[in-house]
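Undergrad: Here you go, final.cif (mmCIF, C-alpha atoms):
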data_query
loop_
_atom_site.label_atom_id
_atom_site.label_comp_id
_atom_site.auth_asym_id
_atom_site.auth_seq_id
_atom_site.Cartn_x
_atom_site.Cartn_y
_atom_site.Cartn_z
CA MET A 1 -4.83 -15.36 11.79
CA ASP A 2 -5.98 -13.47 14.85
CA VAL A 3 -8.69 -11.56 13.00
CA ALA A 4 -9.85 -9.74 16.13
CA ALA A 5 -6.35 -8.32 16.70
CA TYR A 6 -6.08 -7.21 13.07
CA LEU A 7 -9.48 -5.51 13.22
CA ASP A 8 -8.49 -3.89 16.50
CA ARG A 9 -5.41 -2.49 14.73
CA LEU A 10 -7.83 -0.93 12.24
CA GLY A 11 -10.29 0.20 14.90
CA LEU A 12 -13.11 -1.80 13.34
CA ASP A 13 -15.66 -4.42 14.34
CA ARG A 14 -15.98 -7.60 12.32
CA PRO A 15 -18.32 -6.96 9.38
CA ALA A 16 -21.55 -8.94 9.46
CA VAL A 17 -21.46 -9.55 5.70
CA ALA A 18 -18.60 -9.72 3.19
CA ASP A 19 -20.06 -7.16 0.79
CA VAL A 20 -19.02 -3.99 -1.05
CA ALA A 21 -19.88 -1.75 1.90
CA ALA A 22 -17.64 -3.78 4.21
CA LEU A 23 -14.82 -3.80 1.66
CA ARG A 24 -15.03 -0.01 1.33
CA THR A 25 -14.85 0.44 5.09
CA LEU A 26 -11.94 -1.97 5.48
CA GLN A 27 -9.88 -0.40 2.70
CA GLU A 28 -10.51 3.18 3.80
CA ARG A 29 -9.62 2.41 7.41
CA HIS A 30 -6.54 0.37 6.49
CA LEU A 31 -5.20 3.24 4.42
CA ALA A 32 -5.93 5.69 7.24
CA VAL A 33 -4.03 3.88 10.00
CA VAL A 34 -1.42 1.55 8.45
CA PRO A 35 1.40 3.58 6.87
CA PHE A 36 2.92 2.97 3.48
CA GLU A 37 6.60 2.74 4.42
CA ASN A 38 9.92 1.18 3.45
CA LEU A 39 11.66 1.63 6.79
CA SER A 40 12.71 -2.03 7.15
CA ILE A 41 15.00 -1.62 4.14
CA HIS A 42 16.82 1.21 5.92
CA LEU A 43 16.83 -0.44 9.33
CA GLY A 44 18.50 -3.62 8.10
CA GLU A 45 15.35 -5.68 8.68
CA PRO A 46 14.56 -8.49 6.18
CA ILE A 47 11.42 -8.31 4.07
CA VAL A 48 9.68 -11.63 4.74
CA LEU A 49 6.60 -12.41 2.63
CA ASP A 50 5.04 -14.82 5.09
CA ALA A 51 1.62 -14.28 6.65
CA GLU A 52 2.82 -14.79 10.22
CA ALA A 53 5.83 -12.50 9.80
CA LEU A 54 3.68 -9.81 8.19
CA PHE A 55 1.07 -10.13 10.95
CA ASP A 56 3.76 -9.68 13.58
CA LYS A 57 5.14 -6.59 11.85
CA ILE A 58 1.92 -4.82 10.87
CA VAL A 59 -0.46 -5.87 13.66
CA ARG A 60 1.64 -6.71 16.71
CA ARG A 61 4.43 -4.16 16.15
CA ARG A 62 2.04 -1.64 14.56
CA ARG A 63 4.26 -0.93 11.59
CA GLY A 64 3.41 -0.46 7.94
CA GLY A 65 5.11 -1.77 4.82
CA PHE A 66 5.18 -1.56 1.06
CA CYS A 67 2.90 -3.20 -1.49
CA TYR A 68 3.79 -6.88 -1.10
CA GLU A 69 3.51 -6.66 2.67
CA LEU A 70 0.40 -4.48 2.95
CA ASN A 71 -1.66 -6.05 0.19
CA GLY A 72 -0.36 -9.53 1.03
CA LEU A 73 -1.65 -9.34 4.59
CA PHE A 74 -4.80 -7.40 3.69
CA ALA A 75 -5.75 -10.07 1.14
CA ALA A 76 -5.33 -12.73 3.84
CA LEU A 77 -7.59 -10.72 6.17
CA LEU A 78 -10.23 -10.38 3.47
CA ARG A 79 -10.24 -14.14 2.92
CA GLU A 80 -10.61 -14.74 6.67
CA LEU A 81 -13.64 -12.43 6.59
CA GLY A 82 -15.27 -14.41 3.79
CA PHE A 83 -14.22 -12.44 0.72
CA ASP A 84 -13.04 -14.11 -2.49
CA ALA A 85 -9.75 -12.17 -2.67
CA THR A 86 -6.68 -13.03 -4.74
CA LEU A 87 -3.40 -11.28 -5.44
CA ARG A 88 -2.55 -10.03 -8.91
CA SER A 89 0.81 -9.05 -10.36
CA ALA A 90 0.99 -5.53 -11.76
CA LYS A 91 3.57 -3.49 -13.64
CA ALA A 92 3.86 0.10 -12.44
CA PHE A 93 4.15 2.84 -15.03
CA ARG A 94 7.32 4.90 -14.80
CA PRO A 95 7.22 8.72 -15.08
CA ASP A 96 8.27 8.44 -18.75
CA GLY A 97 5.25 6.23 -19.50
CA THR A 98 7.15 2.96 -19.84
CA LEU A 99 6.21 -0.12 -17.83
CA GLY A 100 8.13 -1.70 -14.99
CA ALA A 101 8.84 -5.41 -14.64
CA PRO A 102 6.32 -8.16 -13.84
CA PHE A 103 5.59 -8.43 -10.09
CA ASP A 104 6.54 -4.75 -9.76
CA HIS A 105 3.41 -4.32 -7.64
CA ALA A 106 0.94 -6.60 -5.87
CA ALA A 107 -2.76 -5.68 -6.08
CA ILE A 108 -5.91 -7.46 -4.91
CA ARG A 109 -8.89 -8.59 -6.97
CA VAL A 110 -12.10 -9.20 -5.00
CA GLU A 111 -15.04 -11.06 -6.55
CA LEU A 112 -18.40 -9.74 -5.35
CA ASP A 113 -21.37 -8.73 -7.47
CA GLU A 114 -18.66 -7.84 -10.00
CA PRO A 115 -14.85 -7.80 -9.82
CA TRP A 116 -13.32 -5.08 -7.64
CA LEU A 117 -9.78 -3.77 -7.24
CA ALA A 118 -8.65 -3.33 -3.63
CA ASP A 119 -5.27 -1.74 -2.94
CA VAL A 120 -3.78 -0.54 0.36
CA GLY A 121 -0.16 -0.69 -0.76
CA PHE A 122 0.49 1.80 -3.58
CA GLY A 123 0.93 5.00 -1.59
CA ARG A 124 -1.33 7.68 -3.05
CA PHE A 125 -4.10 5.75 -4.78
CA SER A 126 -7.86 5.26 -4.45
CA ARG A 127 -9.37 5.64 -0.99
CA PHE A 128 -12.08 3.13 -1.91
CA PRO A 129 -12.15 -0.07 -4.02
CA LEU A 130 -12.56 0.37 -7.77
CA ARG A 131 -14.93 -1.47 -10.09
CA LEU A 132 -12.80 -3.41 -12.55
CA SER A 133 -15.67 -3.79 -15.03
CA ALA A 134 -16.55 -0.08 -15.07
CA THR A 135 -16.32 1.72 -18.42
CA GLU A 136 -16.84 5.19 -16.97
CA ALA A 137 -14.52 7.25 -14.78
CA GLN A 138 -14.83 6.55 -11.05
CA ALA A 139 -14.72 9.49 -8.64
CA ASP A 140 -12.75 9.02 -5.43
CA PRO A 141 -11.63 11.42 -2.68
CA ASP A 142 -8.07 11.03 -4.01
CA GLY A 143 -8.84 11.63 -7.68
CA GLU A 144 -10.66 10.32 -10.73
CA PHE A 145 -9.87 6.76 -11.73
CA LEU A 146 -10.35 5.07 -15.08
CA VAL A 147 -10.02 1.35 -15.83
CA LEU A 148 -9.08 0.50 -19.42
CA ASP A 149 -8.51 -2.68 -21.38
CA ALA A 150 -4.85 -3.39 -22.15
CA PRO A 151 -3.16 -5.95 -24.43
CA TYR A 152 -3.42 -9.68 -23.63
CA GLY A 153 -6.41 -9.19 -21.35
CA ASP A 154 -4.54 -6.99 -18.88
CA ILE A 155 -6.11 -3.92 -17.27
CA ASP A 156 -4.65 -0.41 -16.99
CA VAL A 157 -5.61 1.83 -14.06
CA LEU A 158 -5.34 5.59 -14.55
CA LEU A 159 -5.47 8.36 -11.93
CA ASP A 160 -6.50 11.79 -13.23
CA GLY A 161 -5.55 10.66 -16.72
CA ALA A 162 -2.08 9.36 -15.76
CA PRO A 163 -1.46 5.58 -16.04
CA GLN A 164 -0.59 4.07 -12.64
CA TYR A 165 -0.18 0.35 -13.25
CA ARG A 166 -1.15 -2.56 -15.52
CA ILE A 167 -2.75 -5.60 -13.85
CA GLU A 168 -2.53 -9.11 -15.20
CA GLN A 169 -5.49 -11.42 -14.69
CA ARG A 170 -3.78 -14.59 -13.45
CA PRO A 171 -4.08 -15.12 -9.66
CA ARG A 172 -0.76 -15.23 -7.80
CA GLU A 173 0.42 -16.54 -4.45
CA LEU A 174 2.27 -14.19 -2.09
CA ASP A 175 5.53 -16.11 -2.28
CA GLU A 176 5.67 -15.54 -6.06
CA PHE A 177 6.47 -11.89 -5.31
CA THR A 178 9.54 -12.80 -3.21
CA PRO A 179 12.20 -12.38 -5.94
CA MET A 180 10.95 -8.92 -6.91
CA ALA A 181 10.53 -7.91 -3.26
CA TRP A 182 14.19 -8.87 -2.74
CA TRP A 183 15.24 -6.77 -5.74
CA GLN A 184 13.11 -3.82 -4.60
CA SER A 185 14.69 -3.95 -1.15
CA THR A 186 18.35 -4.49 -2.15
CA SER A 187 19.11 -3.11 -5.63
CA PRO A 188 20.71 0.35 -5.83
CA ASP A 189 18.53 0.87 -8.91
CA ALA A 190 15.29 0.32 -6.97
CA HIS A 191 13.24 3.32 -5.86
CA PHE A 192 12.83 2.00 -2.31
CA THR A 193 16.57 1.80 -1.58
CA LYS A 194 17.12 5.51 -2.32
CA GLY A 195 15.96 6.59 1.13
CA PRO A 196 13.39 5.97 3.88
CA THR A 197 9.81 7.11 3.36
CA CYS A 198 6.65 6.84 5.45
CA SER A 199 3.26 8.15 4.36
CA LEU A 200 -0.41 8.33 5.36
CA PRO A 201 -3.47 10.15 4.06
CA ALA A 202 -4.31 13.25 6.08
CA LYS A 203 -7.36 15.47 6.24
CA HIS A 204 -7.67 17.07 2.79
CA GLY A 205 -4.29 15.68 1.72
CA ARG A 206 -1.33 13.57 2.75
CA ILE A 207 1.57 13.57 5.19
CA THR A 208 4.93 12.04 4.30
CA LEU A 209 8.28 11.80 6.05
CA ALA A 210 11.02 11.26 3.47
CA GLY A 211 14.37 11.06 5.19
CA GLU A 212 14.63 14.34 7.13
CA LYS A 213 11.95 16.07 5.07
CA LEU A 214 8.38 16.33 6.40
CA ILE A 215 5.94 16.92 3.54
CA VAL A 216 2.35 17.97 4.27
CA THR A 217 -0.01 18.38 1.32
CA THR A 218 -3.35 20.07 1.98
CA HIS A 219 -5.87 20.81 -0.79
CA GLY A 220 -3.06 20.28 -3.30
CA VAL A 221 -0.72 22.77 -1.59
CA ARG A 222 2.61 21.19 -0.61
CA GLU A 223 4.57 22.39 2.42
CA GLU A 224 8.02 21.00 3.25
CA THR A 225 9.89 21.22 6.56
CA ARG A 226 13.46 20.06 7.16
CA LEU A 227 13.65 18.33 10.55
CA SER A 228 16.62 19.29 12.70
CA GLY A 229 17.75 16.12 14.41
CA ASP A 230 17.26 12.45 15.24
CA GLN A 231 14.89 12.99 18.15
CA GLU A 232 12.65 15.27 16.11
CA ILE A 233 12.50 12.65 13.35
CA LEU A 234 11.69 9.87 15.83
CA ASP A 235 8.98 12.06 17.37
CA VAL A 236 7.32 12.53 13.98
CA TYR A 237 7.34 8.78 13.33
CA ARG A 238 5.63 8.28 16.68
CA LYS A 239 3.15 11.15 16.63
CA GLU A 240 2.14 11.16 12.98
CA PHE A 241 2.45 7.47 12.05
CA GLY A 242 2.23 5.60 15.35
CA ILE A 243 5.62 3.99 14.75
CA GLU A 244 8.01 3.59 17.70
CA LEU A 245 11.66 3.36 16.63
CA ASP A 246 14.87 3.36 18.66
CA ARG A 247 16.95 4.82 15.83
CA VAL A 248 16.46 6.81 12.65
CA PRO A 249 16.20 4.63 9.50
CA GLY A 250 19.18 4.94 7.21
CA ARG A 251 21.59 5.90 9.98
CA PRO A 252 24.08 3.69 11.84
#
Render the structure in this file as structure tokens.
TA:
Amino acid sequence: MDVAAYLDRLGLDRPAVADVAALRTLQERHLAVVPFENLSIHLGEPIVLDAEALFDKIVRRRRGGFCYELNGLFAALLRELGFDATLRSAKAFRPDGTLGAPFDHAAIRVELDEPWLADVGFGRFSRFPLRLSATEAQADPDGEFLVLDAPYGDIDVLLDGAPQYRIEQRPRELDEFTPMAWWQSTSPDAHFTKGPTCSLPAKHGRITLAGEKLIVTTHGVREETRLSGDQEILDVYRKEFGIELDRVPGRP
């Protein structure tokens, strides 16, 4: 991996030590500049869970991705920087409180002074890494997180009291997520095939472009704007997310 190019994408220097402070800086900056997006699905581009393909997409072409892509490449960067980082399969909780399928989400476990959860691929989630051994609530700019024991040694992560996902403890390789990534990107029942979305944290909130709808949330107040045409949509992708496209995702 061209670590210097990846760090340049993040606007960071190489950390001198692979410690908690460096991990916090890397995660916060990654979330700030690399969008959570599913545009490839709606542009007819294949989702390839290969380190070189992901590096080309996220670093060279300055795109984003969804969980398998973002956390897959971020875990590889962490290892290059000297961190003990491994992928974990997680099941996301649905709005009705039931659990999704295995490999529904890819998260990262980092072994430092204690185990930490790093995640740059879940959309709205923690700005900073979370202590996996913590018994108390953990305050974060994006909410209050709680880590709880779950059956069979799994771990549940809650945001403001709402379960987000359940992590299993067995390390996984990136290619093990390929079947579920294919389902997520092709099935009409998958959330990601419903329409294009692109999202980044913003000052005091978040900015999201979902199809033709621009959603800006500031201090919990949500404002929606319907964009008028293709060029306006392409301009928002460029100005707000740094993504240069020659056509609007989801359109011929």
Undergrad: For Leu39 of chain A, find every residue with an atom within 8 Å (counting all atoms listed in the file), except residues of its own chain fewer than 6 positions away, and show them as a list in words.
TA: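 Everything that qualifies: Gly65, Pro196, Thr197, Cys198 and Pro249 of chain A.
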Undergrad: Set the distance at 10 Å and use only C-alpha atoms: which residues neighbour Thr25 of chain A once local chain neighbours fewer than 5 positions away are removed? I'd like the list as a ChimeraX atom specification.
TA: /A:12,15,20,30,127-129
Undergrad: So which residues get picked by the PyMOL selection byres ((chain A and resi 163-177) around 6) here, written as a ChimeraX atom specification?
TA: /A:86-93,103,154-158,162,178-180
Undergrad: Mind writing the picked residues with C-alpha atoms as a compact mmCIF listing (two decimals), in the coordinates of the input?
TA:
# COMPACT_ATOMS: atom_id res chain seq x y z
CA THR A 86 -6.68 -13.03 -4.74
CA LEU A 87 -3.40 -11.28 -5.44
CA ARG A 88 -2.55 -10.03 -8.91
CA SER A 89 0.81 -9.05 -10.36
CA ALA A 90 0.99 -5.53 -11.76
CA LYS A 91 3.57 -3.49 -13.64
CA ALA A 92 3.86 0.10 -12.44
CA PHE A 93 4.15 2.84 -15.03
CA PHE A 103 5.59 -8.43 -10.09
CA ASP A 154 -4.54 -6.99 -18.88
CA ILE A 155 -6.11 -3.92 -17.27
CA ASP A 156 -4.65 -0.41 -16.99
CA VAL A 157 -5.61 1.83 -14.06
CA LEU A 158 -5.34 5.59 -14.55
CA ALA A 162 -2.08 9.36 -15.76
CA THR A 178 9.54 -12.80 -3.21
CA PRO A 179 12.20 -12.38 -5.94
CA MET A 180 10.95 -8.92 -6.91
Undergrad: Decode the PyMOL selection byres ((chain A and resi 40-45) around 9) for the given file into explicit residues and return them as JSON, numbers by chain.
TA: {"A": [37, 38, 39, 46, 47, 65, 185, 186, 192, 193, 195, 196, 247, 248, 249, 250, 251, 252]}
Undergrad: Output as CSV one row per residue of segment 69-177 of chain A within 12 Å of segment 211-229 of chain A: the closest atom pair and its distance in Å to one decimal place, counting all atoms listed in the file, sorted by chain and residue number ascending.
TA:
residue,atom,partner,partner_atom,distance
A:Arg124,CA,A:Thr217,CA,11.6
A:Pro141,CA,A:His219,CA,11.2
A:Asp142,CA,A:His219,CA,10.5
A:Gly143,CA,A:Gly220,CA,11.3
Undergrad: Have segment 82-114 of chain A completed to N, CA and C atoms, please, and pass it along as an mmCIF file, in the coordinates of the input.
TA:
data_model
loop_
_atom_site.group_PDB
_atom_site.id
_atom_site.type_symbol
_atom_site.label_atom_id
_atom_site.label_comp_id
_atom_site.auth_asym_id
_atom_site.auth_seq_id
_atom_site.Cartn_x
_atom_site.Cartn_y
_atom_site.Cartn_z
ATOM 1 N N GLY A 82 -14.303 -13.824 4.713
ATOM 2 C CA GLY A 82 -15.270 -14.410 3.790
ATOM 3 C C GLY A 82 -15.259 -13.854 2.390
ATOM 4 N N PHE A 83 -14.314 -12.977 2.071
ATOM 5 C CA PHE A 83 -14.220 -12.440 0.720
ATOM 6 C C PHE A 83 -13.449 -13.397 -0.192
ATOM 7 N N ASP A 84 -13.798 -13.395 -1.460
ATOM 8 C CA ASP A 84 -13.040 -14.110 -2.490
ATOM 9 C C ASP A 84 -11.984 -13.130 -3.002
ATOM 10 N N ALA A 85 -10.800 -13.148 -2.386
ATOM 11 C CA ALA A 85 -9.750 -12.170 -2.670
ATOM 12 C C ALA A 85 -8.477 -12.879 -3.104
ATOM 13 N N THR A 86 -7.918 -12.439 -4.226
ATOM 14 C CA THR A 86 -6.680 -13.030 -4.740
ATOM 15 C C THR A 86 -5.720 -11.924 -5.141
ATOM 16 N N LEU A 87 -4.430 -12.235 -5.032
ATOM 17 C CA LEU A 87 -3.400 -11.280 -5.440
ATOM 18 C C LEU A 87 -3.214 -11.320 -6.953
ATOM 19 N N ARG A 88 -2.864 -10.165 -7.492
ATOM 20 C CA ARG A 88 -2.550 -10.030 -8.910
ATOM 21 C C ARG A 88 -1.218 -9.308 -9.061
ATOM 22 N N SER A 89 -0.420 -9.760 -10.026
ATOM 23 C CA SER A 89 0.810 -9.050 -10.360
ATOM 24 C C SER A 89 0.468 -7.833 -11.216
ATOM 25 N N ALA A 90 1.178 -6.738 -10.963
ATOM 26 C CA ALA A 90 0.990 -5.530 -11.760
ATOM 27 C C ALA A 90 2.338 -4.916 -12.092
ATOM 28 N N LYS A 91 2.393 -4.258 -13.237
ATOM 29 C CA LYS A 91 3.570 -3.490 -13.640
ATOM 30 C C LYS A 91 3.263 -2.017 -13.449
ATOM 31 N N ALA A 92 4.076 -1.329 -12.665
ATOM 32 C CA ALA A 92 3.860 0.100 -12.440
ATOM 33 C C ALA A 92 4.396 0.897 -13.636
ATOM 34 N N PHE A 93 3.674 1.946 -13.989
ATOM 35 C CA PHE A 93 4.150 2.840 -15.030
ATOM 36 C C PHE A 93 5.193 3.789 -14.460
ATOM 37 N N ARG A 94 6.298 3.939 -15.180
ATOM 38 C CA ARG A 94 7.320 4.900 -14.800
ATOM 39 C C ARG A 94 6.905 6.313 -15.222
ATOM 40 N N PRO A 95 7.577 7.344 -14.696
ATOM 41 C CA PRO A 95 7.220 8.720 -15.080
ATOM 42 C C PRO A 95 7.294 8.975 -16.584
ATOM 43 N N ASP A 96 8.166 8.229 -17.297
ATOM 44 C CA ASP A 96 8.270 8.440 -18.750
ATOM 45 C C ASP A 96 7.233 7.652 -19.534
ATOM 46 N N GLY A 97 6.322 6.949 -18.826
ATOM 47 C CA GLY A 97 5.250 6.230 -19.500
ATOM 48 C C GLY A 97 5.567 4.787 -19.836
ATOM 49 N N THR A 98 6.810 4.346 -19.600
ATOM 50 C CA THR A 98 7.150 2.960 -19.840
ATOM 51 C C THR A 98 6.727 2.104 -18.644
ATOM 52 N N LEU A 99 6.661 0.795 -18.865
ATOM 53 C CA LEU A 99 6.210 -0.120 -17.830
ATOM 54 C C LEU A 99 7.379 -0.754 -17.083
ATOM 55 N N GLY A 100 7.167 -0.972 -15.794
ATOM 56 C CA GLY A 100 8.130 -1.700 -14.990
ATOM 57 C C GLY A 100 8.047 -3.194 -15.269
ATOM 58 N N ALA A 101 8.749 -3.970 -14.454
ATOM 59 C CA ALA A 101 8.840 -5.410 -14.640
ATOM 60 C C ALA A 101 7.608 -6.117 -14.067
ATOM 61 N N PRO A 102 7.362 -7.363 -14.495
ATOM 62 C CA PRO A 102 6.320 -8.160 -13.840
ATOM 63 C C PRO A 102 6.588 -8.272 -12.337
ATOM 64 N N PHE A 103 5.522 -8.362 -11.553
ATOM 65 C CA PHE A 103 5.590 -8.430 -10.090
ATOM 66 C C PHE A 103 6.138 -7.135 -9.479
ATOM 67 N N ASP A 104 6.118 -6.054 -10.249
ATOM 68 C CA ASP A 104 6.540 -4.750 -9.760
ATOM 69 C C ASP A 104 5.642 -4.277 -8.619
ATOM 70 N N HIS A 105 4.391 -4.702 -8.655
ATOM 71 C CA HIS A 105 3.410 -4.320 -7.640
ATOM 72 C C HIS A 105 2.468 -5.495 -7.411
ATOM 73 N N ALA A 106 1.948 -5.592 -6.197
ATOM 74 C CA ALA A 106 0.940 -6.600 -5.870
ATOM 75 C C ALA A 106 -0.373 -5.884 -5.575
ATOM 76 N N ALA A 107 -1.429 -6.243 -6.295
ATOM 77 C CA ALA A 107 -2.760 -5.680 -6.080
ATOM 78 C C ALA A 107 -3.717 -6.817 -5.723
ATOM 79 N N ILE A 108 -4.932 -6.457 -5.351
ATOM 80 C CA ILE A 108 -5.910 -7.460 -4.910
ATOM 81 C C ILE A 108 -7.174 -7.366 -5.764
ATOM 82 N N ARG A 109 -7.611 -8.503 -6.264
ATOM 83 C CA ARG A 109 -8.890 -8.590 -6.970
ATOM 84 C C ARG A 109 -9.895 -9.288 -6.040
ATOM 85 N N VAL A 110 -11.057 -8.674 -5.877
ATOM 86 C CA VAL A 110 -12.100 -9.200 -5.000
ATOM 87 C C VAL A 110 -13.343 -9.457 -5.840
ATOM 88 N N GLU A 111 -13.836 -10.692 -5.797
ATOM 89 C CA GLU A 111 -15.040 -11.060 -6.550
ATOM 90 C C GLU A 111 -16.269 -10.884 -5.667
ATOM 91 N N LEU A 112 -17.134 -9.944 -6.042
ATOM 92 C CA LEU A 112 -18.400 -9.740 -5.350
ATOM 93 C C LEU A 112 -19.516 -9.781 -6.376
ATOM 94 N N ASP A 113 -20.371 -8.783 -6.416
ATOM 95 C CA ASP A 113 -21.370 -8.730 -7.470
ATOM 96 C C ASP A 113 -20.712 -8.564 -8.826
ATOM 97 N N GLU A 114 -19.516 -8.013 -8.837
ATOM 98 C CA GLU A 114 -18.660 -7.840 -10.000
ATOM 99 C C GLU A 114 -17.232 -7.777 -9.473
#
